[in-house]
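File shown: run_37.cif (mmCIF, C-alpha atoms).
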data_protein
loop_
_atom_site.label_atom_id
_atom_site.label_comp_id
_atom_site.auth_asym_id
_atom_site.auth_seq_id
_atom_site.Cartn_x
_atom_site.Cartn_y
_atom_site.Cartn_z
CA MET A 87 26.58 81.37 10.56
CA ALA A 88 23.21 82.88 11.48
CA THR A 89 24.31 86.51 11.91
CA ASP A 90 27.28 88.48 10.59
CA TYR A 91 28.19 90.44 13.72
CA TYR A 92 30.89 92.38 11.90
CA ALA A 93 28.31 93.61 9.40
CA VAL A 94 25.91 94.47 12.24
CA LEU A 95 28.49 96.83 13.72
CA GLY A 96 29.74 97.96 10.33
CA VAL A 97 33.39 96.97 10.82
CA GLN A 98 35.86 94.78 8.94
CA ARG A 99 36.69 91.30 10.16
CA ASP A 100 40.22 92.43 11.03
CA ALA A 101 38.99 95.40 13.07
CA SER A 102 40.77 96.10 16.36
CA GLN A 103 39.04 96.16 19.73
CA ASP A 104 39.14 99.97 19.73
CA GLU A 105 37.44 100.09 16.31
CA ILE A 106 34.78 97.64 17.49
CA LYS A 107 34.17 99.64 20.65
CA LYS A 108 33.93 102.95 18.73
CA ALA A 109 31.49 101.46 16.23
CA PHE A 110 29.27 100.07 18.97
CA ARG A 111 29.40 103.32 20.96
CA ARG A 112 28.33 105.31 17.89
CA LEU A 113 25.43 102.98 17.04
CA ALA A 114 24.31 102.66 20.67
CA ARG A 115 23.95 106.41 20.97
CA GLU A 116 21.87 106.54 17.79
CA LEU A 117 19.65 103.54 18.47
CA HIS A 118 19.19 103.62 22.23
CA PRO A 119 15.47 103.31 23.17
CA ASP A 120 15.62 106.54 25.15
CA VAL A 121 16.65 108.35 21.97
CA ASN A 122 14.54 106.46 19.43
CA PRO A 123 11.59 104.46 20.90
CA ASP A 124 10.57 102.96 17.53
CA PRO A 125 10.08 99.16 17.96
CA LYS A 126 12.19 98.42 14.85
CA THR A 127 14.96 100.55 16.28
CA GLN A 128 14.79 98.61 19.55
CA GLU A 129 15.28 95.34 17.66
CA ARG A 130 18.23 96.87 15.87
CA PHE A 131 19.63 98.01 19.23
CA LYS A 132 19.42 94.43 20.53
CA GLU A 133 21.30 93.19 17.47
CA ILE A 134 24.25 95.58 17.91
CA ASN A 135 24.19 94.83 21.63
CA THR A 136 24.56 91.10 20.96
CA ALA A 137 27.20 91.69 18.29
CA TYR A 138 29.26 93.77 20.69
CA GLU A 139 28.87 91.16 23.44
CA VAL A 140 30.46 88.56 21.17
CA LEU A 141 33.13 90.63 19.42
CA SER A 142 34.35 92.48 22.53
CA ASP A 143 35.08 89.23 24.40
CA PRO A 144 38.31 87.64 23.06
CA GLN A 145 37.15 84.09 23.86
CA LYS A 146 33.69 84.56 22.32
CA LYS A 147 35.20 86.33 19.32
CA GLN A 148 37.63 83.46 18.72
CA MET A 149 34.76 80.96 18.91
CA TYR A 150 32.73 83.06 16.48
CA ASP A 151 35.61 83.39 14.01
CA LEU A 152 35.99 79.60 14.04
CA GLY A 153 32.37 79.14 12.97
CA GLY A 154 30.51 79.00 16.27
CA ASP A 155 28.00 81.47 17.67
CA PRO A 156 28.29 82.09 21.42
CA ALA A 157 25.03 84.08 21.34
CA GLY A 158 23.12 81.32 19.57
CA GLY A 159 22.43 83.50 16.51
CA ALA A 160 19.11 84.63 17.93
CA GLY A 161 20.04 88.27 18.23
CA ARG A 162 19.15 88.29 21.88
CA GLY A 163 20.15 91.18 24.04
CA GLY A 164 18.37 90.63 27.33
CA GLY A 165 17.41 94.28 27.59
CA PHE A 166 19.83 97.12 28.16
CA GLY A 167 22.38 95.02 30.03
CA GLY A 168 22.61 92.11 27.58
CA GLY A 169 25.62 93.39 25.63
CA PHE A 170 27.61 94.62 28.59
CA ASN A 171 29.96 92.37 30.52
CA ASN A 172 30.01 94.73 33.53
CA PHE A 173 29.15 98.24 34.61
CA SER A 174 32.36 99.66 33.14
CA ASP A 175 31.11 98.72 29.63
CA ILE A 176 28.13 101.01 30.19
CA MET A 177 30.50 103.82 31.11
CA ASP A 178 32.65 103.07 28.05
CA ALA A 179 29.70 103.08 25.69
CA PHE A 180 27.92 106.23 26.81
CA PHE A 181 30.48 108.34 28.66
CA GLY A 182 33.70 107.38 26.91
CA SER A 183 35.55 106.27 30.05
CA ALA A 184 38.80 104.39 29.61
CA SER A 185 38.42 101.89 32.44
CA GLN A 186 40.60 98.81 32.21
CA ARG A 187 39.41 95.42 33.27
CA GLY A 188 41.57 92.62 34.58
CA PRO A 189 43.88 92.11 37.54
CA ARG A 190 45.92 95.03 38.73
CA SER A 191 49.65 94.72 39.08
CA ARG A 192 51.29 94.23 42.44
CA THR A 193 54.19 96.32 41.19
CA ARG A 194 53.64 100.08 41.38
CA ARG A 195 55.85 103.14 41.27
CA GLY A 196 57.03 104.42 44.62
CA GLN A 197 56.34 107.84 46.08
CA ASP A 198 58.65 110.83 45.83
CA ALA A 199 60.54 111.84 48.97
CA MET A 200 61.99 115.13 50.16
CA ILE A 201 64.60 116.05 52.74
CA ARG A 202 65.95 119.38 53.97
CA LEU A 203 69.62 120.25 53.64
CA ASP A 204 71.22 123.17 55.50
CA ILE A 205 74.21 124.84 53.82
CA GLU A 206 76.33 127.94 54.40
CA LEU A 207 76.42 131.05 52.23
CA ASP A 208 79.80 130.29 50.69
CA GLU A 209 78.60 126.77 49.77
CA ALA A 210 75.58 128.26 48.02
CA ALA A 211 77.76 130.83 46.25
CA PHE A 212 80.36 128.44 44.86
CA GLY A 213 78.67 125.03 45.00
CA THR A 214 79.71 121.97 46.98
CA THR A 215 79.04 118.28 47.53
CA LYS A 216 77.27 116.96 50.59
CA ASP A 217 76.90 113.49 52.07
CA ILE A 218 73.34 112.90 53.28
CA GLN A 219 71.47 110.05 54.94
CA VAL A 220 68.05 109.09 53.61
CA ASP A 221 65.49 106.83 55.27
CA THR A 222 63.36 105.35 52.47
CA ALA A 223 61.81 102.09 51.32
CA VAL A 224 64.15 99.80 49.37
CA VAL A 225 63.66 96.44 47.66
CA CYS A 226 63.47 93.55 50.12
CA THR A 227 66.60 91.47 49.61
CA THR A 228 65.00 88.38 51.10
CA CYS A 229 62.28 88.03 48.45
CA SER A 230 63.73 90.37 45.78
CA GLY A 231 60.51 92.35 45.81
CA GLU A 232 58.22 89.38 45.08
CA GLY A 233 56.57 89.46 48.50
CA ALA A 234 56.57 85.68 48.87
CA ALA A 235 58.72 83.74 51.30
CA PRO A 236 61.83 82.11 49.80
CA GLY A 237 60.93 78.88 48.06
CA THR A 238 57.30 79.91 47.53
CA SER A 239 55.48 82.00 44.96
CA ALA A 240 52.18 83.77 44.36
CA GLN A 241 49.28 81.57 43.28
CA THR A 242 46.26 82.24 41.11
CA CYS A 243 43.26 83.32 43.18
CA ASP A 244 40.68 80.52 43.24
CA MET A 245 37.78 82.95 43.78
CA CYS A 246 38.25 85.13 40.69
CA ARG A 247 40.49 82.65 38.82
CA GLY A 248 43.07 85.31 38.17
CA ARG A 249 40.72 87.97 36.75
CA GLY A 250 41.08 90.24 39.78
CA GLU A 251 37.33 90.90 39.88
CA VAL A 252 34.10 89.10 40.58
CA SER A 253 30.83 89.73 38.75
CA GLN A 254 27.24 89.80 39.90
CA VAL A 255 24.05 89.92 37.82
CA THR A 256 21.25 92.11 39.16
CA ARG A 257 17.89 93.13 37.76
CA SER A 258 16.81 96.73 37.43
CA PHE A 259 14.33 98.78 35.45
CA LEU A 260 16.89 98.64 32.64
CA GLY A 261 16.92 94.85 32.60
CA GLN A 262 19.73 92.56 33.66
CA VAL A 263 22.93 94.37 34.54
CA MET A 264 26.20 92.64 35.27
CA THR A 265 28.39 94.59 37.67
CA SER A 266 31.95 93.82 38.68
CA ARG A 267 33.98 94.68 41.73
CA PRO A 268 37.52 93.87 42.90
CA CYS A 269 37.88 90.37 44.21
CA PRO A 270 37.70 90.47 48.03
CA GLN A 271 40.08 87.54 48.39
CA CYS A 272 42.99 88.88 46.31
CA GLN A 273 42.07 92.60 46.47
CA GLY A 274 42.04 92.77 42.69
CA PHE A 275 45.54 91.38 42.07
CA GLY A 276 44.39 88.09 40.60
CA THR A 277 46.94 86.24 42.73
CA VAL A 278 47.38 85.52 46.42
CA VAL A 279 50.55 85.03 48.44
CA PRO A 280 49.95 82.04 50.75
CA THR A 281 53.26 82.47 52.57
CA PRO A 282 54.31 86.15 52.75
CA CYS A 283 57.96 87.03 53.10
CA PRO A 284 58.80 87.26 56.83
CA GLU A 285 61.09 90.25 56.22
CA CYS A 286 58.70 92.57 54.36
CA ALA A 287 55.35 90.96 55.26
CA GLY A 288 54.56 90.54 51.57
CA ASP A 289 55.05 94.19 50.58
CA GLY A 290 58.24 93.52 48.63
CA ARG A 291 60.10 96.41 50.28
CA VAL A 292 61.58 97.38 53.63
CA ARG A 293 62.75 100.65 55.13
CA SER A 294 66.46 101.28 55.23
CA ARG A 295 68.93 104.11 55.77
CA ARG A 296 71.12 104.94 52.80
CA ASN A 297 74.06 107.29 52.29
CA LEU A 298 74.01 109.52 49.22
CA THR A 299 76.33 112.20 47.86
CA VAL A 300 74.54 115.28 46.53
CA LYS A 301 76.17 117.79 44.23
CA ILE A 302 75.03 121.32 45.07
CA PRO A 303 75.41 123.62 42.05
CA ALA A 304 76.79 127.13 42.51
CA GLY A 305 74.11 129.78 42.86
CA VAL A 306 71.38 127.84 44.64
CA ASP A 307 69.13 129.92 46.85
CA ASP A 308 67.05 129.28 49.92
CA GLY A 309 64.16 126.99 48.92
CA THR A 310 65.83 125.59 45.80
CA ARG A 311 64.95 121.93 45.23
CA ILE A 312 67.41 119.52 43.64
CA GLN A 313 65.85 116.44 42.01
CA LEU A 314 67.58 113.08 42.29
CA ALA A 315 65.77 110.76 39.89
CA GLY A 316 65.08 107.25 41.17
CA GLU A 317 66.36 107.90 44.69
CA GLY A 318 62.96 108.10 46.39
CA GLU A 319 60.69 105.38 47.77
CA VAL A 320 60.73 101.97 46.06
CA GLY A 321 57.19 101.06 45.06
CA PRO A 322 55.10 98.15 46.39
CA GLY A 323 56.09 94.81 44.92
CA GLY A 324 59.59 96.10 44.27
CA GLY A 325 58.25 98.68 41.79
CA PRO A 326 60.38 101.52 40.37
CA ALA A 327 61.49 104.12 42.86
CA GLY A 328 60.17 107.65 42.93
CA ASP A 329 62.40 110.72 42.98
CA LEU A 330 64.17 112.34 45.89
CA TYR A 331 64.01 116.12 46.25
CA VAL A 332 66.67 117.90 48.32
CA GLU A 333 65.37 121.28 49.51
CA ILE A 334 68.11 123.82 50.20
CA HIS A 335 68.00 125.98 53.31
CA GLU A 336 70.69 128.64 53.46
CA ALA A 337 71.89 129.58 56.95
CA PRO A 338 72.04 133.32 57.81
CA HIS A 339 75.52 134.86 57.50
CA PRO A 340 76.87 137.01 60.37
CA VAL A 341 78.15 139.73 57.99
CA PHE A 342 76.51 139.48 54.59
CA GLN A 343 72.86 139.67 53.64
CA ARG A 344 71.86 138.07 50.36
CA ARG A 345 69.48 139.74 47.93
CA GLY A 346 69.26 137.63 44.82
CA ASP A 347 72.85 137.12 43.68
CA ASP A 348 74.11 140.35 45.31
CA LEU A 349 75.52 140.51 48.81
CA HIS A 350 75.14 143.49 51.14
CA CYS A 351 76.99 144.50 54.27
CA THR A 352 77.54 147.66 56.35
CA VAL A 353 80.84 149.13 57.54
CA THR A 354 81.02 151.85 60.19
CA ILE A 355 83.82 154.41 59.93
CA PRO A 356 84.63 157.53 61.96
CA MET A 357 83.80 160.92 60.51
CA THR A 358 87.47 161.76 60.09
CA ALA A 359 87.98 158.70 57.87
CA ALA A 360 84.90 159.63 55.86
CA ALA A 361 86.23 163.16 55.41
CA LEU A 362 89.81 162.21 54.59
CA GLY A 363 89.20 158.89 52.84
CA THR A 364 90.64 155.54 53.82
CA LYS A 365 90.81 151.86 52.96
CA VAL A 366 88.85 149.44 55.11
CA PRO A 367 89.91 145.74 55.16
CA LEU A 368 87.00 143.39 54.60
CA LYS A 369 86.93 139.58 54.56
CA THR A 370 84.78 138.57 51.59
CA LEU A 371 83.78 135.11 50.35
CA ASP A 372 86.93 135.17 48.21
CA GLY A 373 89.29 136.13 51.04
CA MET A 374 90.67 139.46 52.31
CA ASP A 375 89.89 142.55 50.27
CA GLU A 376 89.85 146.34 50.75
CA VAL A 377 86.99 148.78 50.52
CA ASP A 378 88.12 152.12 49.07
CA ILE A 379 86.44 154.94 51.00
CA ARG A 380 86.84 158.13 49.01
CA PRO A 381 87.33 161.49 50.74
CA GLY A 382 84.04 163.15 51.54
CA THR A 383 82.00 159.97 51.69
CA GLN A 384 78.62 160.56 53.32
CA SER A 385 76.73 158.27 55.63
CA GLY A 386 74.38 156.08 53.61
CA GLN A 387 76.51 155.94 50.50
CA SER A 388 77.50 152.55 49.13
CA VAL A 389 80.63 151.15 47.52
CA PRO A 390 80.18 148.24 45.07
CA LEU A 391 82.72 145.46 44.78
CA HIS A 392 81.95 143.93 41.42
CA GLN A 393 81.94 140.15 40.92
CA ARG A 394 82.23 139.49 44.65
CA GLY A 395 78.70 138.16 45.12
CA VAL A 396 77.02 134.81 44.45
CA THR A 397 77.58 132.88 41.23
CA HIS A 398 74.64 133.06 38.85
CA LEU A 399 72.84 129.72 38.84
CA ARG A 400 72.04 130.05 35.15
CA GLY A 401 74.61 131.74 32.99
CA GLY A 402 78.10 132.94 33.77
CA GLY A 403 79.37 135.62 36.12
CA ARG A 404 78.57 136.61 39.67
CA GLY A 405 76.65 139.23 41.52
CA ASP A 406 78.19 142.19 43.36
CA LEU A 407 79.10 142.85 46.96
CA VAL A 408 77.57 146.17 47.99
CA VAL A 409 79.20 147.82 51.01
CA HIS A 410 77.02 150.40 52.75
CA VAL A 411 78.92 153.11 54.64
CA GLU A 412 77.78 154.37 58.01
CA VAL A 413 79.61 157.45 59.33
CA GLN A 414 79.92 157.54 63.11
CA THR A 415 79.98 160.87 64.97
CA PRO A 416 81.94 160.85 68.23
CA ASN A 417 79.83 161.51 71.32
CA LYS A 418 82.72 161.89 73.80
CA LEU A 419 85.64 164.24 73.22
CA ASP A 420 88.53 165.11 75.51
CA PRO A 421 89.54 168.82 75.79
CA GLU A 422 92.29 168.54 73.18
CA GLN A 423 90.00 166.83 70.65
CA GLU A 424 87.27 169.38 71.28
CA GLU A 425 89.72 172.24 70.76
CA LEU A 426 90.93 170.76 67.48
CA LEU A 427 87.36 170.40 66.21
CA ARG A 428 86.54 173.98 67.19
CA ARG A 429 89.56 175.22 65.30
CA LEU A 430 88.50 173.18 62.26
CA ALA A 431 84.98 174.55 62.47
CA LYS A 432 86.33 178.10 62.66
CA LEU A 433 88.60 177.53 59.66
CA ARG A 434 85.63 176.17 57.66
CA GLY A 435 83.23 178.86 58.85
CA GLU A 436 81.02 176.29 60.50
CA GLU A 437 80.97 177.63 64.05
CA ARG A 438 77.31 178.58 63.79
CA PRO A 439 75.82 176.54 60.92
CA THR A 440 72.34 177.64 59.89
CA GLY A 441 71.53 174.37 58.18
CA GLN A 442 70.92 173.74 54.53
CA PHE A 443 67.38 173.16 53.31
CA GLN A 444 66.52 171.78 49.93
CA PRO A 445 64.00 173.90 47.99
CA GLY A 446 60.51 172.46 47.91
CA GLN A 447 60.91 170.32 51.02
CA GLN A 448 58.32 170.84 53.74
CA GLY A 449 57.61 169.45 57.12
CA LEU A 450 54.89 166.92 57.78
CA PHE A 451 52.34 169.42 59.14
CA SER A 452 52.96 171.84 56.28
CA ARG A 453 52.32 169.10 53.74
CA LEU A 454 49.10 168.07 55.51
CA LYS A 455 47.95 171.69 55.61
CA ASP A 456 48.55 172.12 51.89
CA ALA A 457 46.72 168.88 51.18
CA PHE A 458 43.61 170.06 53.03
CA ASN A 459 43.75 173.43 51.30
CA GLY A 460 43.96 171.74 47.93
CA ARG A 461 47.46 173.03 47.12
#

Hey, can you dump this file as structure tokens for me?
Amino acid sequence: MATDYYAVLGVQRDASQDEIKKAFRRLARELHPDVNPDPKTQERFKEINTAYEVLSDPQKKQMYDLGGDPAGGAGRGGGFGGGFNNFSDIMDAFFGSASQRGPRSRTRRGQDAMIRLDIELDEAAFGTTKDIQVDTAVVCTTCSGEGAAPGTSAQTCDMCRGRGEVSQVTRSFLGQVMTSRPCPQCQGFGTVVPTPCPECAGDGRVRSRRNLTVKIPAGVDDGTRIQLAGEGEVGPGGGPAGDLYVEIHEAPHPVFQRRGDDLHCTVTIPMTAAALGTKVPLKTLDGMDEVDIRPGTQSGQSVPLHQRGVTHLRGGGRGDLVVHVEVQTPNKLDPEQEELLRRLAKLRGEERPTGQFQPGQQGLFSRLKDAFNGR
């Protein structure tokens, strides 16, 4: 054996392809003519180039291990491009790219899909199950995802002979460079389908409408997305399906407004009920309930009903239902009602109220005046 290519690269005879590639990459960076123009270094660079050309090719390596020498033992490199099978080897050696040669698979993962689902407030608060229809790509039942018509199969491409790429040698200022590109006949698959499936036109999948049942957990909010693994689009060639995302849209409620897990609503009561106190019936998400209005309640005050809101999505318990009270003043009184109110005002000494002002409060113009005067 004229040359020990393993010794040239400094690796053991049982070295893996990754170890061989790393050794060559390290030496190529050290000995490249652009880095070290010494003539002896250039000869050394040609030697490692030839060694890598043999040991990186499984067929040439097998021939070499059996006692042959695919490179002829002359240490020839043919310039910069001699040790590279294609342009991706140059990228691997000097830029560390992880390109993979060979035919690409016809089977690929499908895309994710998303649909919108409208639900009511009570369904979001307590959870529910919904039946939905999804239009996605599914495996073609005629060809079982193979893409070939029944009774036929894919055949090895006669242009690239199953490699999925074709090579071309060109000359440049660097020497001979072998570049590769996807085979135009098989588009890089390495195989061709002479008779495509008439149902899916060779894609291995068709569009279909499916019925699914989705479990909506308690506490979801508007915009929440629920992931259904493997329920999305089936990939080309019958590849694994992507995921389906169900985006929740909560419909507005005629009474309650949601803020986080708390619910808010407003009840309007007459001033007599606010003064004397009362109980106001209110239909909550749990059914009929009563709001206890204490005597002397003022407009704008709120009454909380604990644990009457939305279930917490994470963790136990629920939010509150906050009832805001609005006191309504009558604007039309008959003579008897007016007389009763006048008597009440007289009894309370409120016939001519002067108003109550909180200390420190000022009008808008007074505050602006003080601001300009620096007070």

Handout entry: Computed interatomic separation between CA of Pro356 in chain A and CA of Leu427 in chain A (Å)
Key =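 Rounded to one decimal, the two atoms are 13.8 Å apart.
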
Practice task
Would you mind reading off the distance between CA of Gly316 in chain A and CA of Asp198 in chain A, one decimal, in Å?
Solution key: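 One can read the CA of Gly316 in chain A to CA of Asp198 in chain A distance as 8.7 Å.
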
Practice task
Determine the nearest neighbour of Pro282 in chain A from the options A:Gly324, A:Pro236, A:Gly403, A:Gly248, counting all atoms listed in the file.
Solution key: A:Pro236

Problem - Picked residues, the PyMOL selection byres ((chain A and resi 312) around 9), as number ranges by chain - result: A: 300-302, 310-311, 313-314, 330-334

Print the selection's residues with C-alpha atoms to a file, as a PDB file, in the frame of the given file.
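And here's part12.pdb as it stands now:
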ATOM      1  CA  VAL A 300      74.540 115.280  46.530  1.00  0.00           C
ATOM      2  CA  LYS A 301      76.170 117.790  44.230  1.00  0.00           C
ATOM      3  CA  ILE A 302      75.030 121.320  45.070  1.00  0.00           C
ATOM      4  CA  THR A 310      65.830 125.590  45.800  1.00  0.00           C
ATOM      5  CA  ARG A 311      64.950 121.930  45.230  1.00  0.00           C
ATOM      6  CA  GLN A 313      65.850 116.440  42.010  1.00  0.00           C
ATOM      7  CA  LEU A 314      67.580 113.080  42.290  1.00  0.00           C
ATOM      8  CA  LEU A 330      64.170 112.340  45.890  1.00  0.00           C
ATOM      9  CA  TYR A 331      64.010 116.120  46.250  1.00  0.00           C
ATOM     10  CA  VAL A 332      66.670 117.900  48.320  1.00  0.00           C
ATOM     11  CA  GLU A 333      65.370 121.280  49.510  1.00  0.00           C
ATOM     12  CA  ILE A 334      68.110 123.820  50.200  1.00  0.00           C
TER      13      ILE A 334
END

Handout entry: Selection result of the PyMOL selection byres ((chain A and resi 293) around 12) on this file, as number ranges by chain
Key = A: 220-227, 285-286, 289-292, 294-296, 318-322

Kindly save the residues from that selection, with C-alpha atoms included, as a PDB file, in the coordinates of the input.
ATOM      1  CA  VAL A 220      68.050 109.090  53.610  1.00  0.00           C
ATOM      2  CA  ASP A 221      65.490 106.830  55.270  1.00  0.00           C
ATOM      3  CA  THR A 222      63.360 105.350  52.470  1.00  0.00           C
ATOM      4  CA  ALA A 223      61.810 102.090  51.320  1.00  0.00           C
ATOM      5  CA  VAL A 224      64.150  99.800  49.370  1.00  0.00           C
ATOM      6  CA  VAL A 225      63.660  96.440  47.660  1.00  0.00           C
ATOM      7  CA  CYS A 226      63.470  93.550  50.120  1.00  0.00           C
ATOM      8  CA  THR A 227      66.600  91.470  49.610  1.00  0.00           C
ATOM      9  CA  GLU A 285      61.090  90.250  56.220  1.00  0.00           C
ATOM     10  CA  CYS A 286      58.700  92.570  54.360  1.00  0.00           C
ATOM     11  CA  ASP A 289      55.050  94.190  50.580  1.00  0.00           C
ATOM     12  CA  GLY A 290      58.240  93.520  48.630  1.00  0.00           C
ATOM     13  CA  ARG A 291      60.100  96.410  50.280  1.00  0.00           C
ATOM     14  CA  VAL A 292      61.580  97.380  53.630  1.00  0.00           C
ATOM     15  CA  SER A 294      66.460 101.280  55.230  1.00  0.00           C
ATOM     16  CA  ARG A 295      68.930 104.110  55.770  1.00  0.00           C
ATOM     17  CA  ARG A 296      71.120 104.940  52.800  1.00  0.00           C
ATOM     18  CA  GLY A 318      62.960 108.100  46.390  1.00  0.00           C
ATOM     19  CA  GLU A 319      60.690 105.380  47.770  1.00  0.00           C
ATOM     20  CA  VAL A 320      60.730 101.970  46.060  1.00  0.00           C
ATOM     21  CA  GLY A 321      57.190 101.060  45.060  1.00  0.00           C
ATOM     22  CA  PRO A 322      55.100  98.150  46.390  1.00  0.00           C
TER      23      PRO A 322
END

Problem - Sel. within 10 Å of pt (88.5, 145.6, 53.7), counting all atoms listed in the file, output as a ChimeraX atom specification - result: /A:353,365-370,373-379,409

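Taking CA of Gly276 in chain A and CA of Cys243 in chain A as the two end points, the separation is 5.5 Å.
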
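Neighbouring residues of Ala210 in chain A at 8 Å or closer, counting all atoms listed in the file and skipping chain neighbours under 3 positions away, are Ile205, Glu206, Leu207, Gly213, Thr214, Ile302, Pro303, Ala304, Gly305, Val306, Asp307, Glu336 and Val396 of chain A.
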
Written selection (C-alpha atoms) as a short mmCIF file (atom, residue, chain, number, x, y, z; two decimals), keeping the file's coordinate frame:
data_model
loop_
_atom_site.label_atom_id
_atom_site.label_comp_id
_atom_site.auth_asym_id
_atom_site.auth_seq_id
_atom_site.Cartn_x
_atom_site.Cartn_y
_atom_site.Cartn_z
CA ILE A 205 74.21 124.84 53.82
CA GLU A 206 76.33 127.94 54.40
CA LEU A 207 76.42 131.05 52.23
CA GLY A 213 78.67 125.03 45.00
CA THR A 214 79.71 121.97 46.98
CA ILE A 302 75.03 121.32 45.07
CA PRO A 303 75.41 123.62 42.05
CA ALA A 304 76.79 127.13 42.51
CA GLY A 305 74.11 129.78 42.86
CA VAL A 306 71.38 127.84 44.64
CA ASP A 307 69.13 129.92 46.85
CA GLU A 336 70.69 128.64 53.46
CA VAL A 396 77.02 134.81 44.45
#

Practice task
Take the PyMOL selection byres ((chain A and resi 113) around 12), apply it to the structure above, and return the hits as an NGL selection string.
Solution key: :A and (94-97 or 106-112 or 114-119 or 121-122 or 127-128 or 130-135 or 137-138 or 179-180)

Exercise for the section: Please provide the set of residues having any atom within 6 Å of range 338-351 of chain A, restricted to all atoms listed in the file, with same-chain residues fewer than 6 positions apart removed, written as a list of chain:residue names. Expected result: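 Once the adjacent positions are removed, what remains is A:Gly395, A:Val396, A:Gly405, A:Asp406, A:Leu407, A:Val408, A:Val409.
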
Exercise for the section: Enumerate, as a ChimeraX atom specification, the protein, DNA and RNA residues whose atoms approach (78.9, 159.3, 53.5) to within 8 Å, taking into account only C-alpha atoms and the coordinate frame of the file. Expected result: /A:360,382-387,411-413

Handout entry: Spatial neighbours of Gln271 in chain A, 12 Å, all atoms listed in the file, chain gap at least 3 places, as a ChimeraX atom specification
Key = /A:242-252,267-268,274-280
